[in-house]
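Just my_file24.pdb here, PDB, C-alpha atoms:
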ATOM      1  CA  MET A   1      33.078 -13.838  -0.861
ATOM      2  CA  ALA A   2      29.748 -12.033  -1.319
ATOM      3  CA  GLN A   3      29.014 -10.536  -4.678
ATOM      4  CA  GLU A   4      28.676  -6.755  -4.692
ATOM      5  CA  SER A   5      25.301  -5.149  -5.286
ATOM      6  CA  ARG A   6      24.220  -5.195  -8.912
ATOM      7  CA  LEU A   7      24.151  -1.732 -10.503
ATOM      8  CA  ILE A   8      21.323  -0.854 -12.866
ATOM      9  CA  LYS A   9      21.319   2.483 -14.663
ATOM     10  CA  LYS A  10      18.127   4.183 -15.756
ATOM     11  CA  TYR A  11      18.436   6.328 -18.851
ATOM     12  CA  PRO A  12      16.266   9.308 -19.849
ATOM     13  CA  ASN A  13      14.499   7.122 -22.413
ATOM     14  CA  ARG A  14      13.214   5.103 -19.384
ATOM     15  CA  ARG A  15      15.333   2.097 -20.276
ATOM     16  CA  LEU A  16      17.129   0.144 -17.586
ATOM     17  CA  TYR A  17      20.689  -1.006 -18.225
ATOM     18  CA  ASP A  18      22.193  -3.834 -16.166
ATOM     19  CA  THR A  19      25.909  -3.115 -15.841
ATOM     20  CA  ARG A  20      26.688  -6.708 -14.779
ATOM     21  CA  THR A  21      25.247  -8.312 -17.913
ATOM     22  CA  SER A  22      25.847  -5.287 -20.169
ATOM     23  CA  SER A  23      22.284  -5.455 -21.442
ATOM     24  CA  TYR A  24      18.993  -3.635 -21.233
ATOM     25  CA  ILE A  25      16.432  -5.153 -18.877
ATOM     26  CA  THR A  26      12.747  -4.658 -18.073
ATOM     27  CA  LEU A  27      10.813  -4.166 -14.855
ATOM     28  CA  ALA A  28       9.943  -7.872 -15.075
ATOM     29  CA  ASP A  29      13.675  -8.645 -14.976
ATOM     30  CA  VAL A  30      14.092  -6.408 -11.927
ATOM     31  CA  LYS A  31      11.169  -8.243 -10.298
ATOM     32  CA  GLU A  32      13.050 -11.516 -10.905
ATOM     33  CA  LEU A  33      16.082 -10.028  -9.120
ATOM     34  CA  VAL A  34      13.850  -9.240  -6.144
ATOM     35  CA  LEU A  35      12.333 -12.727  -6.148
ATOM     36  CA  GLY A  36      15.853 -14.182  -6.318
ATOM     37  CA  TYR A  37      16.924 -12.132  -3.270
ATOM     38  CA  GLU A  38      19.614 -10.480  -5.360
ATOM     39  CA  GLU A  39      20.871  -7.117  -4.114
ATOM     40  CA  PHE A  40      20.766  -4.298  -6.631
ATOM     41  CA  GLN A  41      20.662  -0.546  -6.891
ATOM     42  CA  VAL A  42      19.015   1.503  -9.613
ATOM     43  CA  VAL A  43      20.567   4.907 -10.305
ATOM     44  CA  ASP A  44      19.828   7.680 -12.752
ATOM     45  CA  ALA A  45      22.490   7.403 -15.463
ATOM     46  CA  LYS A  46      22.945  11.166 -15.639
ATOM     47  CA  THR A  47      22.597  12.405 -12.037
ATOM     48  CA  GLN A  48      23.499   9.202 -10.138
ATOM     49  CA  GLU A  49      20.373   9.731  -7.986
ATOM     50  CA  ASP A  50      19.247   6.491  -6.307
ATOM     51  CA  LEU A  51      15.991   5.370  -7.962
ATOM     52  CA  THR A  52      15.711   1.925  -6.353
ATOM     53  CA  ARG A  53      12.622   2.770  -4.257
ATOM     54  CA  SER A  54      10.926   4.327  -7.266
ATOM     55  CA  ILE A  55      11.520   1.218  -9.376
ATOM     56  CA  LEU A  56      10.277  -1.084  -6.590
ATOM     57  CA  LEU A  57       7.136   1.046  -6.263
ATOM     58  CA  GLN A  58       6.599   0.764 -10.046
ATOM     59  CA  ILE A  59       6.783  -3.021  -9.743
ATOM     60  CA  ILE A  60       4.248  -2.972  -6.887
ATOM     61  CA  LEU A  61       1.973  -0.714  -8.961
ATOM     62  CA  GLU A  62       2.115  -3.161 -11.887
ATOM     63  CA  GLU A  63       1.398  -6.098  -9.571
ATOM     64  CA  GLU A  64      -1.551  -4.248  -8.022
ATOM     65  CA  ALA A  65      -2.951  -3.482 -11.481
ATOM     66  CA  GLY A  66      -2.463  -7.104 -12.531
ATOM     67  CA  GLY A  67      -5.824  -8.389 -11.338
ATOM     68  CA  ALA A  68      -5.358  -9.652  -7.759
ATOM     69  CA  PRO A  69      -4.418  -6.606  -5.682
ATOM     70  CA  MET A  70      -2.965  -7.111  -2.217
ATOM     71  CA  PHE A  71      -3.863  -3.656  -0.887
ATOM     72  CA  THR A  72      -7.445  -2.495  -0.410
ATOM     73  CA  ILE A  73      -8.490   1.076  -1.159
ATOM     74  CA  ASP A  74      -8.990   1.622   2.580
ATOM     75  CA  LEU A  75      -5.459   0.407   3.383
ATOM     76  CA  LEU A  76      -3.914   2.589   0.667
ATOM     77  CA  SER A  77      -5.906   5.595   1.934
ATOM     78  CA  GLN A  78      -4.715   4.961   5.481
ATOM     79  CA  MET A  79      -1.105   4.691   4.305
ATOM     80  CA  ILE A  80      -1.388   8.021   2.489
ATOM     81  CA  ARG A  81      -2.749   9.632   5.661
ATOM     82  CA  PHE A  82       0.407   8.632   7.556
ATOM     83  CA  TYR A  83       2.620  10.736   5.283
ATOM     84  CA  GLY A  84       3.454  14.004   7.025
ATOM     85  CA  ASN A  85       2.007  12.630  10.254
ATOM     86  CA  ALA A  86       4.154  12.358  13.368
ATOM     87  CA  MET A  87       3.666   8.577  13.203
ATOM     88  CA  GLN A  88       5.102   8.261   9.660
ATOM     89  CA  GLY A  89       8.507   6.957  10.742
ATOM     90  CA  MET A  90       7.072   4.554  13.272
ATOM     91  CA  MET A  91       4.502   3.173  10.823
ATOM     92  CA  GLY A  92       7.132   2.232   8.245
ATOM     93  CA  LYS A  93       9.127   0.315  10.857
ATOM     94  CA  TYR A  94       5.950  -1.294  12.212
ATOM     95  CA  LEU A  95       4.957  -2.594   8.771
ATOM     96  CA  GLU A  96       8.498  -3.744   8.042
ATOM     97  CA  ASN A  97       8.738  -5.667  11.335
ATOM     98  CA  ASN A  98       5.352  -7.335  10.805
ATOM     99  CA  ILE A  99       6.180  -8.411   7.270
ATOM    100  CA  LYS A 100       9.519  -9.767   8.482
ATOM    101  CA  ALA A 101       7.778 -11.738  11.257
ATOM    102  CA  PHE A 102       5.293 -13.147   8.733
ATOM    103  CA  THR A 103       8.129 -14.081   6.338
ATOM    104  CA  ASP A 104      10.110 -15.720   9.154
ATOM    105  CA  LEU A 105       7.035 -17.794  10.073
ATOM    106  CA  GLN A 106       6.677 -18.881   6.447
ATOM    107  CA  VAL A 107      10.367 -19.887   6.200
ATOM    108  CA  LYS A 108      10.241 -21.854   9.474
ATOM    109  CA  LEU A 109       7.141 -23.703   8.318
ATOM    110  CA  GLN A 110       8.713 -24.540   4.953
ATOM    111  CA  ASP A 111      11.957 -25.701   6.606
ATOM    112  CA  HIS A 112      10.000 -27.898   8.997
ATOM    113  CA  VAL A 113       8.030 -29.572   6.211
ATOM    114  CA  LYS A 114      11.194 -30.055   4.116
ATOM    115  CA  SER A 115      12.888 -31.766   7.055
ATOM    116  CA  ILE A 116       9.936 -34.153   7.388
ATOM    117  CA  TYR A 117       8.924 -34.782   3.762
ATOM    118  CA  GLY A 118      12.086 -33.939   1.830
ATOM    119  CA  GLU A 119      13.101 -31.145  -0.532
ATOM    120  CA  ASN A 120      11.123 -32.144  -3.654
ATOM    121  CA  SER A 121       8.010 -33.467  -1.974
ATOM    122  CA  PRO A 122       4.682 -32.228  -3.380
ATOM    123  CA  MET A 123       3.936 -31.440   0.246
ATOM    124  CA  SER A 124       6.719 -28.847   0.395
ATOM    125  CA  ARG A 125       5.845 -27.228  -2.932
ATOM    126  CA  ASP A 126       2.315 -26.137  -2.045
ATOM    127  CA  LEU A 127       2.947 -25.917   1.652
ATOM    128  CA  TRP A 128       1.972 -22.317   2.266
ATOM    129  CA  ALA A 129      -1.291 -22.615   0.300
ATOM    130  CA  GLN A 130      -2.188 -25.802   2.178
ATOM    131  CA  PHE A 131      -1.293 -24.245   5.495
ATOM    132  CA  LEU A 132      -3.477 -21.205   4.843
ATOM    133  CA  ASN A 133      -6.407 -23.374   3.697
ATOM    134  CA  PHE A 134      -6.398 -25.278   6.981
ATOM    135  CA  GLN A 135      -5.003 -22.690   9.373
ATOM    136  CA  GLY A 136      -6.191 -19.469   7.717
ATOM    137  CA  PRO A 137      -9.052 -18.770  10.149
ATOM    138  CA  ALA A 138      -6.815 -19.457  13.178
ATOM    139  CA  LEU A 139      -4.031 -17.307  11.709
ATOM    140  CA  HIS A 140      -6.521 -14.530  10.960
ATOM    141  CA  SER A 141      -7.805 -14.675  14.555
ATOM    142  CA  MET A 142      -4.254 -14.635  15.921
ATOM    143  CA  MET A 143      -3.369 -11.594  13.781
ATOM    144  CA  GLY A 144      -6.573  -9.865  14.926
ATOM    145  CA  THR A 145      -5.640 -10.451  18.562
ATOM    146  CA  TYR A 146      -2.138  -9.140  17.870
ATOM    147  CA  ILE A 147      -3.547  -5.992  16.262
ATOM    148  CA  GLU A 148      -5.903  -5.413  19.196
ATOM    149  CA  GLN A 149      -2.990  -5.788  21.630
ATOM    150  CA  SER A 150      -0.965  -3.345  19.520
ATOM    151  CA  LYS A 151      -3.834  -0.832  19.636
ATOM    152  CA  LYS A 152      -4.077  -1.092  23.423
ATOM    153  CA  MET A 153      -0.318  -0.763  23.812
ATOM    154  CA  PHE A 154      -0.294   2.288  21.540
ATOM    155  CA  ALA A 155      -3.161   3.914  23.486
ATOM    156  CA  GLN A 156      -1.298   3.294  26.755
ATOM    157  CA  MET A 157       1.872   4.766  25.276
ATOM    158  CA  GLN A 158      -0.061   7.798  24.049
ATOM    159  CA  ASP A 159      -1.626   8.316  27.502
ATOM    160  CA  GLN A 160       1.784   7.997  29.147
ATOM    161  CA  VAL A 161       3.373  10.549  26.782
ATOM    162  CA  GLU A 162       0.462  12.929  27.334
ATOM    163  CA  SER A 163       0.787  12.581  31.117
ATOM    164  CA  GLN A 164       4.557  13.077  31.029
ATOM    165  CA  THR A 165       4.167  16.136  28.793
ATOM    166  CA  ARG A 166       1.552  17.610  31.127
ATOM    167  CA  ASN A 167       3.850  17.006  34.132
ATOM    168  CA  LEU A 168       6.868  18.425  32.315
ATOM    169  CA  PHE A 169       5.176  21.669  31.336
ATOM    170  CA  SER A 170       2.937  22.141  34.402
ATOM    171  CA  GLY A 171       5.511  24.406  36.073
ATOM    172  CA  PHE A 172       5.628  26.836  33.164
ATOM    173  CA  GLN A 173       3.218  29.719  32.769
ATOM    174  CA  PHE A 174       1.763  29.244  29.290
ATOM    175  CA  PRO A 175      -1.391  31.105  28.339
ATOM    176  CA  ASN A 176      -4.336  28.682  28.114
ATOM    177  CA  PHE A 177      -2.143  25.690  29.084
ATOM    178  CA  GLY A 178      -4.422  23.027  30.385
ATOM    179  CA  ALA A 179      -7.549  24.710  29.033
ATOM    180  CA  GLY A 180      -9.966  22.042  28.036
ATOM    181  CA  MET A 181      -7.911  19.373  29.834
ATOM    182  CA  PRO A 182      -9.246  17.843  33.023
ATOM    183  CA  ASP A 183      -7.344  18.873  36.100
ATOM    184  CA  GLU A 184      -5.352  15.936  37.472
ATOM    185  CA  THR A 185      -6.530  16.631  41.031
ATOM    186  CA  GLU A 186     -10.159  16.689  39.886
ATOM    187  CA  LYS A 187      -9.619  13.430  38.004
ATOM    188  CA  ASP A 188      -8.043  11.789  41.053
ATOM    189  CA  LYS A 189     -11.019  12.750  43.264
ATOM    190  CA  GLU A 190     -13.481  10.789  41.096
TER     191      GLU A 190
END
Now that the file is in, can you turn its structure into structure tokens?
Amino acid sequence: MAQESRLIKKYPNRRLYDTRTSSYITLADVKELVLGYEEFQVVDAKTQEDLTRSILLQIILEEEAGGAPMFTIDLLSQMIRFYGNAMQGMMGKYLENNIKAFTDLQVKLQDHVKSIYGENSPMSRDLWAQFLNFQGPALHSMMGTYIEQSKKMFAQMQDQVESQTRNLFSGFQFPNFGAGMPDETEKDKE
């Protein structure tokens, strides 16, 4: 039987209270829950508002400030630009799917090495670091190719949506509709 999600209450004094252990915990303890794949929910003790995302973002902020940031300023700026953009929902799913694919690759690689060298082999302990040292450039190239393919696919999708929208609304009399857009018949003649 699966254990139910751990409930952590956040009090106005900013302290976190773990209801399972009946003790106060820190963000470092919550990070350990994440690393241990333990399900939990953080709620405001007074309002019962779900604060889990906020707490996870605080942990990421602390990790980023810890000396070896994962996110560049350019990446963070780009992420901010997606908020309020029509692509916001799609971008979150895109990032989630890519991180899941990367994690799945890591797990498969670790399982493969464990099956060959055994569970406690030094080979399996530093596997990912060794893999990246030898295969990093190839992996980087593969990811670059994947990103380029994604860009092309997105551009094609955007062109298709634009064409379908133009076809859908071409029968309606909108003022200035099509102004500044090339006429399809003119385009076809070229």
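In terms of minimum interatomic distance to Glu63 (chain A), A:Leu27 ranks closest within A:Glu38, A:Ser150, A:Asp18, A:Leu27, counting only C-alpha atoms.
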Legend entry - Interatomic distance (Å, one decimal) between CA of Ser5 (chain A) and CA of Thr103 (chain A): 22.6 Å
Legend entry - Neighbours of point (23.2, 7.2, -15.9) within 7 Å, using all atoms listed in the file, written as JSON, numbers by chain: {"A": [9, 10, 11, 43, 44, 45, 46, 47, 48]}
Inset, instruction - Using all atoms listed in the file, determine which residues lie at most 12 Å from Leu35 (chain A), disregarding the query and same-chain residues fewer than 5 positions distant; provide the list as a count of residues only. - result: 6
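Remark: for Gln41 (chain A), the closest of the candidate residues A:Arg15, A:Arg6, A:Arg166, A:His112 is A:Arg6 (distances computed over only C-alpha atoms).
Residue nearest Leu33 (chain A) within the list A:Glu162, A:Gly144, A:Glu49, A:Ile8: A:Ile8 [criterion: smallest interatomic distance, all atoms listed in the file].
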Inset, instruction - Please provide the set of residues having any atom within 12 Å of region 78-95 of chain A, restricted to all atoms listed in the file, with same-chain residues fewer than 6 positions apart removed, written as a VMD selection string. - result: chain A and resid 71 to 72 101 to 102 147 150 154 158
Edge lengths and centre in Å to one decimal, as JSON, is what I'm after for the box along x, y and z that holds all listed atoms of region 95-101 of chain A once 4 Å is added on each side.
{"center_x": 7.2, "center_y": -7.2, "center_z": 9.3, "size_x": 12.6, "size_y": 17.1, "size_z": 12.1}
Inset, instruction - Could you jot down the CA of Asn13 (chain A) to CA of Leu57 (chain A) separation for me, Å, one decimal place? - result: 18.8 Å
